[in-house]
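The structure appears right after this line, and notes come after that.
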Amino acid sequence: MKTESEPVLRLDQEVPGAFVYENEHPQLQVPFSVHIGERRMEGKSLSVTKACVSGLLAPAANWKRQPVILAFAFEGFVVSLFLEADIYKVGDDESADFELVFNEPTASHLAPLRYILNSHLAGDLVTMGRFMEYAGPTQVKAKAAKTERTFLNRLRDGVRGGLLVALSIGLVAVAANVVHQRLAFSYEARPVLIDQQGDTLRATAAGQITYADSNANVGDVVYSIGANTGSLLSVQMPCDCEIEPAPEFYEGATVLAGTPLVKLIAQDAALQASTQISYQGVARLLAGDQPELVFLDGRIVPVMLELADASEAPANADVVSADIRISDTEADRIALGETARLRFRRNFWPAPLEESAIN
């Protein structure tokens with residue numbers, strides 16, 4: 001057993017190359033602990049080059065380089081520094097003291113370690129019951145004298161508040177309009193072409209058109225068909241009407257019986273249109289939604305729909321044919337040849353409020 005007068009046994013240690021003298025950095029009594037693997041050791045003194053600790057380590061740990069963690073426990077938080085150190089035993093075999101010589105003293109841990117040591121030297125770190133002391137002002141800062149607001153300041157704040165309220169109201173109105181558009185309206189995908197009512201002349205037999213006159217007058221031959229049977233069939237103009245030829249109406253065209261050739265439109269013929277609507281549109285129509293035509297310039301014209309016989313539609317069809325009826329009062333707002341979109345409008349409130357909301 002060693003006595004108190006005996007010097008502590010120290011092993012010869014190599015001074016790191018970045019430092020001139022071994023004792024250039026003195027050991028400070030800073031509260032800390034060291035974690036080596038699963039072992040926790042109490043710190044005795046510390047410098048930027050080495051640490052003196054006390055604890056239990058395996059015998060094979062002497063002279064062995066190990067990753068270590070320096071932990072500084074403050075009030076409410078812990079600062080941990082990760083580095084590598086060479087482990088040296090101090091004293092006899094029964095001694096629990098060790099020295100940890102840092103392998104790279106100038107590594108990334110140097111800046112926070114130097115800050116902690118300098119704070120300890122300056123008295124910012126204390127060991128009596130707590131680890132950190134308050135170094136701020138000891139008196140409450142006096143409140144600044146309250147200045148009276150000028151008219152311009154009050155006016156500026158009022159304008160700023162008014163703009164904020166107006167912007168909030170605008171955003172709410174835009175959001176409400178978007179929700180109303182999504183819930184109230186449903187548009188069909190197929191466009192609608194405005195046409196006129198008239199009678200369609202069709203081919204009476206299969207064959208080839210030998211004569212075609214789109215400017216025929218009443219009593220003149222409109223077209224002639226050389227039938228496959230060898231007969232020549234001619235059709236006279238039955239009325240003083242405008243002739244609207246079909247794409248197959250030209251000399252030399254081969255047609256089948258029943259092929260549309262020309263449409264006869266009277267001078268006082270009413271406007272009409274037809275389209276195909278989806279089953280969702282049919283459901284909304286049966287639920288009482290109002291069909292409307294929306295034109296390119298924003299005009300909205302209410303119309304009526306007449307659905308075709310469902311038994312005539314193909315079995316795998318996903319649309320239904322419908323004729324669009326336009327009233328005489330609304331026909332004056334529509335020009336022949338215009339295109340529009342068909343939509344269904346759901347009424348959530350009485351008709352007068354609905355009309356005002358649309359306009």
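As shown in the structure tokens, the chain order sets the letters A, B, ...; within each chain, residues go from 1, and ligands are also counted from 1 in the order they appear.
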Residues near Val79 in chain A, anyone? I mean within 12 Å using only C-alpha atoms, not counting same-chain ones fewer than 6 positions away, as a list of chain:residue names.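 Here the answer would be A:Pro31, A:Phe32, A:Ser33, A:Val34, A:Ile69, A:Leu70, A:Ala71, A:Phe72, A:Ala73, A:His109, A:Pro112, A:Leu113, A:Tyr115, A:Ile116.
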Which parts of range 99-253 of chain A does DSSP call strand (DSSP E or B) when run on the backbone here, written out as a PyMOL selection string? chain A and resi 99-102+125+132+185-193+195-196+199-202+207-212+221-227+232-236+242-245
Contact residues around range 200-206 of chain A with only C-alpha atoms at 9 Å, ignoring same-chain residues under 4 positions, as a VMD selection string: chain A and resid 225 to 229 233 235 254 to 265
Please list as a list in words every residue within 10 Å of Gln280 in chain A, counting only C-alpha atoms and excluding residues in the same chain fewer than 4 positions away. Ser186, Glu188, Arg284, Leu285, Leu286, Asp318 and Val319 of chain A
Just to be explicit: take each residue in the selection above, keep C-alpha atoms, and write the result as a PDB file, in the first residue's frame.
```pdb
ATOM      1  CA  SER A 186     -72.736  19.932 -63.178  1.00  0.00           C
ATOM      2  CA  GLU A 188     -71.835  17.795 -69.593  1.00  0.00           C
ATOM      3  CA  ARG A 284     -79.904  15.165 -62.072  1.00  0.00           C
ATOM      4  CA  LEU A 285     -82.632  15.930 -64.638  1.00  0.00           C
ATOM      5  CA  LEU A 286     -84.988  13.439 -63.001  1.00  0.00           C
ATOM      6  CA  ASP A 318     -73.098   5.115 -71.533  1.00  0.00           C
ATOM      7  CA  VAL A 319     -74.958   8.169 -72.896  1.00  0.00           C
TER       8      VAL A 319
END
```
Set the distance at 7 Å and use only C-alpha atoms: which residues neighbour Pro105 in chain A once local chain neighbours fewer than 5 positions away are removed? I'd like the list as a PyMOL selection string. chain A and resi 48-49+110
For a quick check of understanding, using only C-alpha atoms, which of A:Ala266, A:Leu81, A:Leu336, A:Ala253 has the smallest distance to Tyr211 in chain A? A:Ala253
Identify, on the basis of only C-alpha atoms, every residue whose closest approach to Ser214 in chain A does not exceed 8 Å; exclude the query and any residue fewer than 6 positions from it along the same chain; express the result as a VMD selection string. chain A and resid 222 243 to 245
Given only C-alpha atoms as the basis, pick out the residue of A:Ile334, A:Val320, A:Ile277, A:Leu117 nearest to Pro291 in chain A. A:Ile277
Give me the residues within 10 Å of range 94-98 of chain A as a list in words, counting only C-alpha atoms and dropping any in the same chain fewer than 3 places off. Met1, Arg10, Met41, Glu42, Gly43, Lys44, Ala51, Cys52, Val53, Ser54, Gly55, Leu56, Leu57, Asn62, Ile87, Tyr88, Lys89, Val90, Gly91 and Val101 of chain A
Just C-alpha atoms for this one: save the residues we selected as a PDB file, in the first residue's frame.
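Done, and the output landed in part_8.pdb:
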```pdb
ATOM      1  CA  MET A   1       0.000   0.000   0.000  1.00  0.00           C
ATOM      2  CA  ARG A  10       2.792   8.234 -13.614  1.00  0.00           C
ATOM      3  CA  MET A  41     -16.403   6.921 -14.712  1.00  0.00           C
ATOM      4  CA  GLU A  42     -16.317  10.007 -12.514  1.00  0.00           C
ATOM      5  CA  GLY A  43     -14.152  12.897 -13.657  1.00  0.00           C
ATOM      6  CA  LYS A  44     -11.512  14.340 -11.323  1.00  0.00           C
ATOM      7  CA  ALA A  51      -8.740  13.958 -18.430  1.00  0.00           C
ATOM      8  CA  CYS A  52      -8.151  12.317 -15.043  1.00  0.00           C
ATOM      9  CA  VAL A  53     -10.974   9.939 -14.087  1.00  0.00           C
ATOM     10  CA  SER A  54     -11.755   7.306 -11.470  1.00  0.00           C
ATOM     11  CA  GLY A  55     -13.706   4.112 -11.964  1.00  0.00           C
ATOM     12  CA  LEU A  56     -13.578   0.457 -12.929  1.00  0.00           C
ATOM     13  CA  LEU A  57     -12.225  -0.725 -16.261  1.00  0.00           C
ATOM     14  CA  ASN A  62      -4.743  -0.057 -20.088  1.00  0.00           C
ATOM     15  CA  ILE A  87      -6.145   5.036 -21.612  1.00  0.00           C
ATOM     16  CA  TYR A  88      -3.330   4.887 -19.000  1.00  0.00           C
ATOM     17  CA  LYS A  89      -3.608   3.419 -15.491  1.00  0.00           C
ATOM     18  CA  VAL A  90      -2.337   5.590 -12.645  1.00  0.00           C
ATOM     19  CA  GLY A  91      -0.948   4.047  -9.465  1.00  0.00           C
ATOM     20  CA  VAL A 101      -4.869  11.368 -23.202  1.00  0.00           C
TER      21      VAL A 101
END
```
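The closest residue to Asp86 in chain A, picked from A:Ser45, A:Asp332, A:Ile36, A:Leu121 and counting only C-alpha atoms, is A:Ile36.
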Just checking: using only C-alpha atoms, which residue out of A:Ser80, A:Ser108, A:Gln236, A:Ser47 ends up closest to Asp220 in chain A?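 Nearest to Asp220 in chain A: A:Gln236.
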In terms of the shortest atom-to-atom distance over only C-alpha atoms, which of A:Gln272, A:Arg325, A:Arg343, A:Asp213 is closest to Phe249 in chain A? A:Asp213
Looking only at the backbone, which of the residues in range 128-281 of chain A does DSSP tag as alpha helix (DSSP H), as a ChimeraX atom specification? /A:151-184,279-281
How far is it from CA of Ile324 in chain A to CA of Cys241 in chain A, in Å with one decimal?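 CA of Cys241 in chain A lies at a distance of 22.8 Å from CA of Ile324 in chain A.
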Which residue gives the smallest distance to Gln196 in chain A among A:Ala340, A:Ile209, A:Val172, A:Ile326, with only C-alpha atoms counted?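 Of A:Ala340, A:Ile209, A:Val172, A:Ile326, the one nearest Gln196 in chain A is A:Ile326, counting only C-alpha atoms.
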